[in-house]
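Novice: This is the content of upload.cif (mmCIF, C-alpha atoms):
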data_coords
#
loop_
_atom_site.label_atom_id
_atom_site.label_comp_id
_atom_site.auth_asym_id
_atom_site.auth_seq_id
_atom_site.Cartn_x
_atom_site.Cartn_y
_atom_site.Cartn_z
CA MET E 1 -42.24 7.59 -18.57
CA SER E 2 -39.38 8.75 -20.81
CA ALA E 3 -36.73 6.47 -22.24
CA ALA E 4 -34.04 8.66 -20.67
CA PHE E 5 -35.49 8.03 -17.22
CA GLU E 6 -35.33 4.28 -17.76
CA THR E 7 -31.76 4.47 -19.05
CA ARG E 8 -30.66 6.46 -16.01
CA SER E 9 -32.34 4.03 -13.65
CA GLU E 10 -30.60 1.14 -15.28
CA ALA E 11 -27.32 3.04 -15.17
CA ALA E 12 -27.77 3.77 -11.47
CA MET E 13 -27.84 0.02 -10.80
CA THR E 14 -24.50 -0.58 -12.50
CA ALA E 15 -22.62 2.69 -11.86
CA SER E 16 -22.41 4.92 -8.81
CA THR E 17 -22.03 8.68 -8.61
CA GLY E 18 -18.59 8.34 -7.03
CA GLU E 19 -16.03 10.90 -8.12
CA ALA E 20 -12.41 10.47 -9.14
CA ARG E 21 -11.30 11.19 -5.56
CA ASP E 22 -13.43 8.28 -4.32
CA PHE E 23 -11.69 5.94 -6.74
CA PHE E 24 -8.35 7.39 -5.65
CA ALA E 25 -9.31 6.71 -2.01
CA LEU E 26 -9.82 3.04 -2.97
CA LEU E 27 -6.10 2.88 -3.70
CA LYS E 28 -5.19 3.63 -0.04
CA PRO E 29 -2.98 6.63 -0.92
CA ARG E 30 -1.16 6.68 2.42
CA VAL E 31 -0.13 3.04 2.07
CA MET E 32 0.78 3.76 -1.54
CA SER E 33 3.09 6.61 -0.48
CA LEU E 34 4.93 4.22 1.87
CA VAL E 35 5.24 1.70 -0.98
CA VAL E 36 6.68 4.41 -3.26
CA VAL E 37 9.31 5.36 -0.67
CA THR E 38 10.29 1.74 0.11
CA ALA E 39 10.36 0.63 -3.55
CA LEU E 40 12.39 3.68 -4.52
CA THR E 41 14.82 2.92 -1.71
CA GLY E 42 15.08 -0.66 -3.01
CA MET E 43 16.03 0.80 -6.40
CA ALA E 44 18.48 3.33 -4.92
CA THR E 45 20.32 0.77 -2.77
CA ALA E 46 20.49 -1.85 -5.55
CA PRO E 47 23.93 -2.39 -7.06
CA GLY E 48 23.32 -1.04 -10.55
CA THR E 49 21.69 1.76 -12.49
CA VAL E 50 18.51 2.23 -14.47
CA HIS E 51 17.38 5.02 -16.80
CA PRO E 52 15.58 7.64 -14.67
CA VAL E 53 12.51 7.67 -16.94
CA LEU E 54 12.22 3.88 -16.76
CA ALA E 55 12.76 4.04 -12.98
CA ALA E 56 9.91 6.56 -12.69
CA ALA E 57 7.68 4.43 -14.95
CA ALA E 58 8.48 1.30 -12.92
CA LEU E 59 7.78 3.18 -9.69
CA LEU E 60 4.41 4.31 -11.05
CA ALA E 61 3.55 0.72 -11.97
CA ILE E 62 4.55 -0.51 -8.49
CA ALA E 63 2.49 2.25 -6.84
CA VAL E 64 -0.56 1.48 -8.98
CA GLY E 65 -0.14 -2.25 -8.30
CA ALA E 66 -0.03 -1.57 -4.56
CA GLY E 67 -3.09 0.66 -4.92
CA ALA E 68 -4.89 -2.07 -6.86
CA SER E 69 -4.29 -4.57 -4.05
CA GLY E 70 -5.65 -1.99 -1.58
CA CYS E 71 -8.72 -1.57 -3.79
CA LEU E 72 -9.32 -5.34 -3.92
CA ASN E 73 -8.89 -5.43 -0.13
CA MET E 74 -11.55 -2.73 0.28
CA TRP E 75 -13.86 -4.60 -2.10
CA TYR E 76 -13.54 -7.84 -0.14
CA ASP E 77 -13.67 -6.21 3.31
CA ALA E 78 -16.59 -3.82 2.65
CA ASP E 79 -18.83 -5.82 5.02
CA ILE E 80 -16.49 -5.53 8.00
CA ASP E 81 -15.31 -2.02 7.08
CA ALA E 82 -18.90 -0.86 7.60
CA LEU E 83 -18.77 -2.11 11.21
CA MET E 84 -15.59 -0.30 12.26
CA SER E 85 -15.34 3.42 13.06
CA ARG E 86 -11.92 3.71 11.38
CA THR E 87 -13.15 2.31 8.05
CA ALA E 88 -16.91 3.03 7.92
CA LYS E 89 -16.40 6.15 5.80
CA ARG E 90 -14.49 4.32 3.06
CA PRO E 91 -16.01 4.67 -0.44
CA ILE E 92 -17.80 1.27 -0.56
CA PRO E 93 -19.40 1.08 2.92
CA SER E 94 -20.47 4.72 2.63
CA GLY E 95 -22.19 3.92 -0.70
CA ARG E 96 -20.17 6.27 -2.91
CA ILE E 97 -18.72 3.41 -4.96
CA LEU E 98 -20.46 0.14 -5.86
CA PRO E 99 -18.63 -3.10 -4.95
CA SER E 100 -18.74 -4.20 -8.60
CA GLU E 101 -17.04 -0.94 -9.65
CA ALA E 102 -14.30 -1.40 -7.05
CA LEU E 103 -13.72 -5.01 -8.15
CA ALA E 104 -13.46 -4.01 -11.82
CA PHE E 105 -11.21 -1.06 -10.95
CA GLY E 106 -8.92 -3.20 -8.77
CA LEU E 107 -8.63 -6.05 -11.28
CA THR E 108 -7.99 -3.68 -14.20
CA LEU E 109 -5.26 -1.82 -12.33
CA SER E 110 -3.72 -5.10 -11.12
CA VAL E 111 -3.39 -6.55 -14.62
CA GLY E 112 -2.35 -3.19 -16.10
CA SER E 113 0.34 -2.45 -13.51
CA VAL E 114 1.90 -5.93 -13.82
CA LEU E 115 1.95 -5.73 -17.64
CA VAL E 116 3.46 -2.22 -17.59
CA LEU E 117 6.15 -3.24 -15.08
CA GLY E 118 6.99 -6.24 -17.28
CA LEU E 119 7.34 -3.94 -20.29
CA VAL E 120 9.38 -1.16 -18.67
CA ALA E 121 11.50 -3.34 -16.34
CA ASN E 122 11.66 -7.14 -16.49
CA ALA E 123 9.68 -10.33 -15.95
CA LEU E 124 11.00 -10.96 -12.41
CA ALA E 125 9.90 -7.54 -11.15
CA ALA E 126 6.49 -7.98 -12.81
CA ALA E 127 6.08 -11.47 -11.36
CA MET E 128 7.00 -10.18 -7.91
CA LEU E 129 4.45 -7.37 -8.21
CA ALA E 130 1.78 -9.88 -9.27
CA PHE E 131 2.69 -12.09 -6.29
CA THR E 132 2.52 -9.08 -3.94
CA ILE E 133 -0.97 -8.17 -5.18
CA PHE E 134 -2.07 -11.82 -4.84
CA PHE E 135 -0.53 -12.08 -1.37
CA TYR E 136 -2.26 -8.95 -0.08
CA ALA E 137 -5.65 -9.38 -1.79
CA VAL E 138 -6.05 -13.15 -1.50
CA VAL E 139 -3.67 -14.59 1.14
CA TYR E 140 -4.04 -11.71 3.62
CA SER E 141 -7.48 -10.20 2.92
CA MET E 142 -9.46 -13.31 2.03
CA TRP E 143 -7.71 -15.90 4.16
CA LEU E 144 -5.47 -14.75 7.03
CA LYS E 145 -7.29 -11.60 8.19
CA ARG E 146 -10.45 -13.33 9.42
CA TRP E 147 -8.77 -16.57 10.47
CA THR E 148 -5.69 -16.06 12.64
CA PRO E 149 -4.22 -13.47 15.05
CA GLN E 150 -1.00 -13.89 13.06
CA ASN E 151 -2.84 -12.18 10.17
CA ILE E 152 -0.79 -9.00 10.09
CA VAL E 153 2.46 -10.84 10.91
CA ILE E 154 2.30 -13.09 7.83
CA GLY E 155 0.32 -10.56 5.79
CA GLY E 156 2.97 -7.96 6.61
CA ALA E 157 5.16 -9.65 4.00
CA ALA E 158 2.98 -8.03 1.32
CA GLY E 159 3.96 -4.58 2.58
CA ALA E 160 7.60 -5.64 2.80
CA PHE E 161 7.99 -6.84 -0.80
CA PRO E 162 8.26 -3.40 -2.56
CA PRO E 163 12.03 -2.92 -1.89
CA MET E 164 12.61 -6.37 -3.43
CA ILE E 165 10.57 -5.35 -6.48
CA GLY E 166 12.63 -2.15 -6.64
CA GLU E 167 15.91 -4.09 -6.61
CA ALA E 168 14.57 -6.51 -9.23
CA VAL E 169 13.74 -3.53 -11.49
CA VAL E 170 17.39 -2.41 -11.39
CA THR E 171 19.33 -5.70 -11.30
CA GLY E 172 16.91 -8.35 -12.57
CA HIS E 173 17.40 -10.41 -9.40
CA PHE E 174 17.04 -10.24 -5.61
CA GLY E 175 20.04 -9.43 -3.42
CA TRP E 176 20.93 -9.07 0.25
CA HIS E 177 20.20 -5.34 0.29
CA SER E 178 16.52 -5.68 -0.47
CA LEU E 179 16.22 -8.78 1.73
CA VAL E 180 17.40 -6.68 4.70
CA LEU E 181 14.93 -3.93 3.78
CA PHE E 182 12.22 -6.63 3.56
CA ALA E 183 13.16 -7.83 7.06
CA ILE E 184 12.97 -4.31 8.51
CA ILE E 185 9.42 -3.73 7.20
CA PHE E 186 8.34 -7.27 8.09
CA LEU E 187 9.49 -6.89 11.71
CA TRP E 188 8.10 -3.34 11.92
CA THR E 189 4.55 -4.39 10.96
CA PRO E 190 3.48 -6.19 14.19
CA PRO E 191 4.39 -3.40 16.66
CA HIS E 192 2.87 -0.84 14.28
CA PHE E 193 -0.47 -2.59 13.78
CA TRP E 194 -0.84 -4.08 17.25
CA ALA E 195 -0.40 -0.61 18.80
CA LEU E 196 -3.49 0.42 16.84
CA ALA E 197 -5.27 -2.88 17.54
CA LEU E 198 -4.84 -2.33 21.30
CA VAL E 199 -6.84 0.90 21.02
CA LYS E 200 -9.35 -0.35 18.43
CA SER E 201 -9.90 -3.85 19.86
CA GLY E 202 -13.63 -3.07 20.31
CA ASP E 203 -13.92 -2.29 16.61
CA TYR E 204 -12.14 -5.50 15.63
CA ALA E 205 -14.27 -7.55 18.05
CA ARG E 206 -17.45 -6.08 16.55
CA ALA E 207 -16.23 -7.00 13.07
CA GLY E 208 -15.14 -10.48 14.20
CA ILE E 209 -11.51 -10.03 13.20
CA PRO E 210 -9.18 -12.13 15.37
CA MET E 211 -6.56 -9.46 16.07
CA MET E 212 -3.93 -10.33 18.67
CA PRO E 213 -5.44 -8.24 21.54
CA ASN E 214 -8.84 -9.91 21.00
CA VAL E 215 -7.45 -13.46 20.91
CA ALA E 216 -4.34 -13.54 23.12
CA GLY E 217 -5.32 -10.55 25.26
CA PRO E 218 -3.80 -7.07 25.67
CA ALA E 219 -1.03 -8.21 28.04
CA ALA E 220 0.31 -10.86 25.63
CA THR E 221 0.06 -8.37 22.76
CA ARG E 222 2.07 -5.80 24.72
CA ARG E 223 4.80 -8.40 25.41
CA GLN E 224 4.96 -9.30 21.71
CA ILE E 225 5.15 -5.62 20.72
CA VAL E 226 8.23 -5.26 22.93
CA LEU E 227 9.71 -8.50 21.57
CA TYR E 228 9.30 -7.50 17.93
CA SER E 229 10.72 -4.02 18.62
CA LEU E 230 13.77 -5.56 20.32
CA ILE E 231 14.42 -7.71 17.24
CA MET E 232 13.54 -5.00 14.71
CA ALA E 233 15.75 -2.20 16.04
CA PRO E 234 19.09 -4.08 15.60
CA VAL E 235 18.00 -5.43 12.19
CA ALA E 236 17.30 -1.84 11.12
CA VAL E 237 20.98 -1.00 11.80
CA LEU E 238 22.20 -3.71 9.37
CA PRO E 239 22.26 -1.46 6.25
CA ALA E 240 24.98 0.65 7.92
CA LEU E 241 26.98 -2.47 8.83
CA MET E 242 26.57 -3.91 5.31
CA GLY E 243 27.79 -0.74 3.61
CA PHE E 244 24.63 0.52 1.93
CA GLY E 245 23.72 2.86 4.77
CA GLY E 246 26.16 5.59 5.82
CA ALA E 247 27.03 7.39 9.03
CA LEU E 248 23.81 9.41 8.98
CA TYR E 249 21.79 6.21 8.60
CA LEU E 250 23.69 4.62 11.49
CA ALA E 251 22.91 7.59 13.74
CA VAL E 252 19.25 7.76 12.71
CA SER E 253 18.62 4.01 12.89
CA VAL E 254 20.21 3.70 16.34
CA THR E 255 18.46 6.72 17.91
CA THR E 256 15.03 6.08 16.40
CA GLY E 257 15.38 2.34 17.07
CA LEU E 258 16.00 3.11 20.74
CA ALA E 259 12.96 5.42 20.68
CA MET E 260 10.83 2.60 19.22
CA ILE E 261 12.00 0.25 22.00
CA GLY E 262 11.33 2.97 24.60
CA LEU E 263 7.80 3.62 23.29
CA SER E 264 7.11 -0.14 23.15
CA LEU E 265 8.22 -0.48 26.77
CA ARG E 266 5.88 2.39 27.67
CA VAL E 267 3.01 0.54 25.98
CA TRP E 268 3.96 -2.55 28.01
CA ARG E 269 4.10 -0.65 31.33
CA ARG E 270 0.99 1.52 30.87
CA SER E 271 -1.81 -1.01 30.48
CA GLU E 272 -4.79 0.78 32.00
CA GLY E 273 -6.99 3.75 31.12
CA GLN E 274 -6.09 6.88 29.20
CA PRO E 275 -2.29 6.57 29.67
CA ALA E 276 -2.47 3.17 27.93
CA VAL E 277 -4.39 4.65 24.99
CA LYS E 278 -1.94 7.55 24.77
CA ALA E 279 1.07 5.23 24.87
CA ALA E 280 -0.38 3.02 22.11
CA TYR E 281 -1.17 6.02 19.89
CA SER E 282 2.34 7.42 20.48
CA LEU E 283 3.92 4.14 19.36
CA PHE E 284 1.59 3.88 16.34
CA GLY E 285 2.32 7.45 15.24
CA PHE E 286 6.07 7.24 15.82
CA SER E 287 6.34 3.88 14.04
CA ILE E 288 5.16 5.53 10.79
CA LEU E 289 7.72 8.31 11.19
CA TYR E 290 10.39 5.72 12.06
CA LEU E 291 9.96 3.71 8.87
CA PHE E 292 9.75 6.84 6.70
CA LEU E 293 12.93 8.20 8.30
CA LEU E 294 14.93 5.00 7.84
CA PHE E 295 14.04 4.69 4.18
CA ALA E 296 14.28 8.43 3.48
CA VAL E 297 17.82 8.56 4.88
CA LEU E 298 18.85 5.50 2.84
CA LEU E 299 17.31 7.15 -0.19
CA VAL E 300 19.16 10.43 0.34
CA GLU E 301 22.48 8.69 1.01
CA ASN E 302 22.27 6.29 -1.94
CA GLY E 303 20.13 8.18 -4.42
CA LEU E 304 21.77 11.59 -4.08
CA GLY E 305 25.28 10.30 -3.50
CA LEU E 306 25.50 11.84 -0.04
CA MET E 307 26.86 8.70 1.58
CA TRP E 308 29.51 9.14 4.24
CA ALA E 309 30.40 5.46 4.12
CA LEU E 310 31.42 3.38 7.09
CA PRO E 311 33.69 0.33 6.91
CA VAL E 312 31.67 -2.69 5.80
CA VAL E 313 31.28 -5.09 8.72
CA ILE E 314 28.85 -7.60 7.20
CA GLY E 315 28.51 -8.86 3.64
CA MET C 1 -50.50 -5.66 -13.41
CA SER C 2 -50.91 -2.85 -10.89
CA GLU C 3 -51.33 0.81 -11.77
CA HIS C 4 -47.63 1.30 -11.04
CA GLY C 5 -46.65 -1.53 -13.38
CA ASN C 6 -45.03 0.72 -15.97
CA ARG C 7 -42.80 2.57 -13.53
CA PRO C 8 -39.12 1.61 -13.67
CA GLN C 9 -37.92 -0.35 -10.65
CA GLY C 10 -34.64 0.13 -8.78
CA PRO C 11 -32.79 3.24 -7.63
CA ALA C 12 -34.04 6.75 -8.26
CA PRO C 13 -32.75 8.57 -11.37
CA PHE C 14 -29.65 10.72 -11.14
CA SER C 15 -30.13 14.27 -9.94
CA PRO C 16 -28.42 17.17 -11.76
CA GLU C 17 -25.77 17.11 -9.00
CA ASP C 18 -25.20 13.37 -9.58
CA MET C 19 -24.87 13.95 -13.31
CA ALA C 20 -22.33 16.73 -12.70
CA ARG C 21 -20.33 14.34 -10.50
CA ARG C 22 -20.41 11.65 -13.18
CA ARG C 23 -19.29 14.22 -15.75
CA ARG C 24 -16.31 15.20 -13.57
CA ARG C 25 -15.48 11.51 -13.22
CA SER C 26 -15.56 11.07 -17.01
CA VAL C 27 -13.25 14.07 -17.46
CA ALA C 28 -10.82 12.59 -14.91
CA LEU C 29 -10.88 9.27 -16.78
CA ALA C 30 -10.19 11.04 -20.08
CA LEU C 31 -7.22 12.84 -18.50
CA VAL C 32 -5.85 9.53 -17.16
CA LEU C 33 -6.20 7.92 -20.61
CA GLY C 34 -4.45 10.90 -22.22
CA GLY C 35 -1.69 10.61 -19.61
CA LEU C 36 -1.30 6.91 -20.44
CA VAL C 37 -0.84 7.71 -24.13
CA ILE C 38 1.98 10.15 -23.27
CA PHE C 39 3.41 7.63 -20.77
CA PHE C 40 3.64 4.82 -23.33
CA PHE C 41 5.03 7.20 -25.96
CA VAL C 42 7.83 8.41 -23.67
CA VAL C 43 8.63 4.91 -22.38
CA THR C 44 8.81 3.60 -25.95
CA LEU C 45 11.22 6.39 -26.92
CA VAL C 46 13.45 5.67 -23.92
CA LYS C 47 13.38 1.87 -24.34
CA THR C 48 14.08 2.02 -28.06
CA GLY C 49 16.57 4.88 -27.84
CA PRO C 50 18.12 6.43 -30.98
CA ALA C 51 17.29 3.22 -32.89
CA ILE C 52 13.68 4.37 -33.10
CA MET C 53 14.60 6.34 -36.26
CA ASN C 54 16.57 3.45 -37.74
CA ARG C 55 13.81 1.60 -39.59
CA PRO C 56 12.62 1.28 -43.17
CA LEU C 57 9.84 3.72 -44.01
#
Could you spell out this file's structure in structure tokens?
Specialist:
Amino acid sequence: MSAAFETRSEAAMTASTGEARDFFALLKPRVMSLVVVTALTGMATAPGTVHPVLAAAALLAIAVGAGASGCLNMWYDADIDALMSRTAKRPIPSGRILPSEALAFGLTLSVGSVLVLGLVANALAAAMLAFTIFFYAVVYSMWLKRWTPQNIVIGGAAGAFPPMIGEAVVTGHFGWHSLVLFAIIFLWTPPHFWALALVKSGDYARAGIPMMPNVAGPAATRRQIVLYSLIMAPVAVLPALMGFGGALYLAVSVTTGLAMIGLSLRVWRRSEGQPAVKAAYSLFGFSILYLFLLFAVLLVENGLGLMWALPVVIG
Amino acid sequence: MSEHGNRPQGPAPFSPEDMARRRRRSVALALVLGGLVIFFFVVTLVKTGPAIMNRPL
């Protein structure tokens, strides 16, 4: 047997044949795009300015940090991902990437992104990014997810931190603007995820994840979806009342907020059969559009100077 | 030792297709590393500003 054959065999045990796109998939690109939009909005609404090149560099570091936490999540959850239809084709359960490769990739990107953010922005922003990665990879993935039905409620904080990191990049501290943006994402997470969990409860049961529909039941989950939407929609209007969202934001946040409440009520009313599935998918799909719209409008108004300002009511 | 004692254990060797995939992965990694070099160069210029030329040679 040739030496080359032995070398390749040994290599096959420590390295997969996964391609660059498989490694990119480990970063959860769709989640990363939401992080980019929310962090950029945090920067745009912050009272201050930052050099555009440094802003872009900081944004890249935040996006990579978010991707790294997604990668560590996929590494830790590979066992349960293999059991669920939604996640079975991910790079690790499908065998395209080895768990050890994903762990090394995630840890390298985590350390690298935090160091780069510290260099291009400041220590507070870097510390907050490190905490976000820790919160998502350790607190949510390793602890909350398999332990409590409040997993995505508390864990949702990880997805809500990026606007605060964005504000810290610009100002070096946290202010009310990014705290309100944090609250919007935090309150948006339960209705968004539970709409999906209602449809995929079989998947979650098979994987042993205590999602709300599996623990408290679909009826209680539907009530809580409505409750969170009722709290979230008014909170989402706050940027307009605090002066960092303009007239366009007020119109968009009110109309889409009412639509979110309407879709949540439809999920609550339609609890059986195909109409229930359709209602849950409608809410899930619209919730993504809702969050993108809110932050995109804030971004356009603040970032491009297209604000038609309203009188400040709060703050 | 059996008659198969000298055969390497573990996964099968890479096929030509696998090797091509690994090569593409290496090229992507090289591009990322090259991008990082440019990234750090540009960030250093911006952070340091005009003072980057103001140093003893």
Novice: Give me, please, the distance in Å between CA of Ile165 in chain E and CA of Ala127 in chain E, quoted to one decimal.
Specialist: 9.0 Å
Novice: What does the distance between CA of Val277 in chain E and CA of Ala183 in chain E come to in Å, to one decimal place?
Specialist: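 Calculated distance between CA of Val277 in chain E and CA of Ala183 in chain E is 28.0 Å.
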Novice: Could you spell out the hits of the PyMOL selection byres ((chain E and resi 166-179) around 7) on the shown file, as a list in words?
Specialist: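 Checked against the file, the PyMOL selection byres ((chain E and resi 166-179) around 7) matches Ala39, Leu40, Gly42, Met43, Thr45, Ala46, Gly48, Thr49, Val50, Ala121, Asn122, Leu124, Ala125, Pro162, Pro163, Met164, Ile165, Val180, Leu181, Phe182 and Ala183 of chain E.
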Novice: Written as a list in words, what is the full residue list that the PyMOL selection byres ((chain C and resi 25-34) around 10) yields on the file shown?
Specialist: Thr17, Gly18, Glu19, Ala20, Arg21, Asp22 and Phe23 of chain E; Met19, Ala20, Arg21, Arg22, Arg23, Arg24, Gly35, Leu36, Val37, Ile38 and Phe39 of chain C
Novice: Just to confirm, what's the straight-line distance from CA of Leu72 in chain E to CA of Gly95 in chain E in Å (one decimal)?
Specialist: 16.2 Å
Novice: Evaluate the PyMOL selection byres ((chain E and resi 206) around 12) here and jot the selected residues down as a short mmCIF file (atom, residue, chain, number, x, y, z; two decimals) with C-alpha atoms, in the frame of the given file.
Specialist:
data_model
loop_
_atom_site.label_atom_id
_atom_site.label_comp_id
_atom_site.auth_asym_id
_atom_site.auth_seq_id
_atom_site.Cartn_x
_atom_site.Cartn_y
_atom_site.Cartn_z
CA ASP E 79 -18.83 -5.82 5.02
CA ILE E 80 -16.49 -5.53 8.00
CA ASP E 81 -15.31 -2.02 7.08
CA ALA E 82 -18.90 -0.86 7.60
CA LEU E 83 -18.77 -2.11 11.21
CA MET E 84 -15.59 -0.30 12.26
CA SER E 85 -15.34 3.42 13.06
CA LYS E 200 -9.35 -0.35 18.43
CA SER E 201 -9.90 -3.85 19.86
CA GLY E 202 -13.63 -3.07 20.31
CA ASP E 203 -13.92 -2.29 16.61
CA TYR E 204 -12.14 -5.50 15.63
CA ALA E 205 -14.27 -7.55 18.05
CA ALA E 207 -16.23 -7.00 13.07
CA GLY E 208 -15.14 -10.48 14.20
CA ILE E 209 -11.51 -10.03 13.20
CA PRO E 210 -9.18 -12.13 15.37
CA MET E 211 -6.56 -9.46 16.07
CA ASN E 214 -8.84 -9.91 21.00
#
Novice: If we count all atoms listed in the file, what is near Tyr290 in chain E at a cut-off of 12 Å, once residues fewer than 2 positions away on the same chain are taken out, given as number ranges by chain?
Specialist: E: 34, 184-185, 188-189, 191-192, 229, 232-233, 236, 249, 252-261, 263, 282-288, 292-297
Novice: Store the residues picked out above in a file with C-alpha atoms, as a PDB file, in the coordinates of the input.
Specialist:
ATOM      1  CA  LEU E  34       4.930   4.220   1.870  1.00  0.00           C
ATOM      2  CA  ILE E 184      12.970  -4.310   8.510  1.00  0.00           C
ATOM      3  CA  ILE E 185       9.420  -3.730   7.200  1.00  0.00           C
ATOM      4  CA  TRP E 188       8.100  -3.340  11.920  1.00  0.00           C
ATOM      5  CA  THR E 189       4.550  -4.390  10.960  1.00  0.00           C
ATOM      6  CA  PRO E 191       4.390  -3.400  16.660  1.00  0.00           C
ATOM      7  CA  HIS E 192       2.870  -0.840  14.280  1.00  0.00           C
ATOM      8  CA  SER E 229      10.720  -4.020  18.620  1.00  0.00           C
ATOM      9  CA  MET E 232      13.540  -5.000  14.710  1.00  0.00           C
ATOM     10  CA  ALA E 233      15.750  -2.200  16.040  1.00  0.00           C
ATOM     11  CA  ALA E 236      17.300  -1.840  11.120  1.00  0.00           C
ATOM     12  CA  TYR E 249      21.790   6.210   8.600  1.00  0.00           C
ATOM     13  CA  VAL E 252      19.250   7.760  12.710  1.00  0.00           C
ATOM     14  CA  SER E 253      18.620   4.010  12.890  1.00  0.00           C
ATOM     15  CA  VAL E 254      20.210   3.700  16.340  1.00  0.00           C
ATOM     16  CA  THR E 255      18.460   6.720  17.910  1.00  0.00           C
ATOM     17  CA  THR E 256      15.030   6.080  16.400  1.00  0.00           C
ATOM     18  CA  GLY E 257      15.380   2.340  17.070  1.00  0.00           C
ATOM     19  CA  LEU E 258      16.000   3.110  20.740  1.00  0.00           C
ATOM     20  CA  ALA E 259      12.960   5.420  20.680  1.00  0.00           C
ATOM     21  CA  MET E 260      10.830   2.600  19.220  1.00  0.00           C
ATOM     22  CA  ILE E 261      12.000   0.250  22.000  1.00  0.00           C
ATOM     23  CA  LEU E 263       7.800   3.620  23.290  1.00  0.00           C
ATOM     24  CA  SER E 282       2.340   7.420  20.480  1.00  0.00           C
ATOM     25  CA  LEU E 283       3.920   4.140  19.360  1.00  0.00           C
ATOM     26  CA  PHE E 284       1.590   3.880  16.340  1.00  0.00           C
ATOM     27  CA  GLY E 285       2.320   7.450  15.240  1.00  0.00           C
ATOM     28  CA  PHE E 286       6.070   7.240  15.820  1.00  0.00           C
ATOM     29  CA  SER E 287       6.340   3.880  14.040  1.00  0.00           C
ATOM     30  CA  ILE E 288       5.160   5.530  10.790  1.00  0.00           C
ATOM     31  CA  PHE E 292       9.750   6.840   6.700  1.00  0.00           C
ATOM     32  CA  LEU E 293      12.930   8.200   8.300  1.00  0.00           C
ATOM     33  CA  LEU E 294      14.930   5.000   7.840  1.00  0.00           C
ATOM     34  CA  PHE E 295      14.040   4.690   4.180  1.00  0.00           C
ATOM     35  CA  ALA E 296      14.280   8.430   3.480  1.00  0.00           C
ATOM     36  CA  VAL E 297      17.820   8.560   4.880  1.00  0.00           C
TER      37      VAL E 297
END
Novice: Could you list, as a PyMOL selection string, every residue within 10 Å of Asn151 in chain E, counting only C-alpha atoms and ignoring same-chain residues fewer than 5 positions away?
Specialist: chain E and resi 139-141+143-146+156+190+209-212
Novice: List the spatial neighbours of range 46-48 of chain C as a PyMOL selection string - criterion: any atom at most 9 Å away, only C-alpha atoms, same-chain residues fewer than 6 positions off excluded.
Specialist: chain E and resi 51+53-54+120
Novice: Which one is closest to Leu98 in chain E: E:Ala78, E:Leu198, E:Leu250, E:Ile231? Count all atoms listed in the file.
Specialist: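 That would be E:Ala78, the residue with the smallest distance to Leu98 in chain E.
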Novice: Please reconstruct the missing atoms of range 25-36 of chain E (target: N, CA and C atoms) and return them as a PDB file, keeping the file's coordinate frame.
Specialist:
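The resulting file, result-v3.pdb, is reproduced below:
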ATOM      1  N   ALA E  25      -9.307   7.167  -3.407  1.00  0.00           N
ATOM      2  CA  ALA E  25      -9.310   6.710  -2.010  1.00  0.00           C
ATOM      3  C   ALA E  25      -9.277   5.184  -1.930  1.00  0.00           C
ATOM      4  N   LEU E  26      -9.842   4.504  -2.950  1.00  0.00           N
ATOM      5  CA  LEU E  26      -9.820   3.040  -2.970  1.00  0.00           C
ATOM      6  C   LEU E  26      -8.399   2.492  -3.043  1.00  0.00           C
ATOM      7  N   LEU E  27      -7.482   3.331  -3.532  1.00  0.00           N
ATOM      8  CA  LEU E  27      -6.100   2.880  -3.700  1.00  0.00           C
ATOM      9  C   LEU E  27      -5.279   2.996  -2.413  1.00  0.00           C
ATOM     10  N   LYS E  28      -5.882   3.424  -1.325  1.00  0.00           N
ATOM     11  CA  LYS E  28      -5.190   3.630  -0.040  1.00  0.00           C
ATOM     12  C   LYS E  28      -3.929   4.486  -0.256  1.00  0.00           C
ATOM     13  N   PRO E  29      -4.126   5.774  -0.563  1.00  0.00           N
ATOM     14  CA  PRO E  29      -2.980   6.630  -0.920  1.00  0.00           C
ATOM     15  C   PRO E  29      -1.868   6.693   0.116  1.00  0.00           C
ATOM     16  N   ARG E  30      -2.225   6.597   1.400  1.00  0.00           N
ATOM     17  CA  ARG E  30      -1.160   6.680   2.420  1.00  0.00           C
ATOM     18  C   ARG E  30      -0.270   5.440   2.390  1.00  0.00           C
ATOM     19  N   VAL E  31      -0.912   4.270   2.194  1.00  0.00           N
ATOM     20  CA  VAL E  31      -0.130   3.040   2.070  1.00  0.00           C
ATOM     21  C   VAL E  31       0.710   3.115   0.792  1.00  0.00           C
ATOM     22  N   MET E  32       0.094   3.657  -0.268  1.00  0.00           N
ATOM     23  CA  MET E  32       0.780   3.760  -1.540  1.00  0.00           C
ATOM     24  C   MET E  32       2.031   4.647  -1.417  1.00  0.00           C
ATOM     25  N   SER E  33       1.935   5.733  -0.628  1.00  0.00           N
ATOM     26  CA  SER E  33       3.090   6.610  -0.480  1.00  0.00           C
ATOM     27  C   SER E  33       4.243   5.883   0.221  1.00  0.00           C
ATOM     28  N   LEU E  34       3.902   5.014   1.181  1.00  0.00           N
ATOM     29  CA  LEU E  34       4.930   4.220   1.870  1.00  0.00           C
ATOM     30  C   LEU E  34       5.558   3.232   0.890  1.00  0.00           C
ATOM     31  N   VAL E  35       4.742   2.643   0.031  1.00  0.00           N
ATOM     32  CA  VAL E  35       5.240   1.700  -0.980  1.00  0.00           C
ATOM     33  C   VAL E  35       6.186   2.412  -1.943  1.00  0.00           C
ATOM     34  N   VAL E  36       5.819   3.643  -2.344  1.00  0.00           N
ATOM     35  CA  VAL E  36       6.680   4.410  -3.260  1.00  0.00           C
ATOM     36  C   VAL E  36       8.045   4.651  -2.619  1.00  0.00           C
TER      37      VAL E  36
END
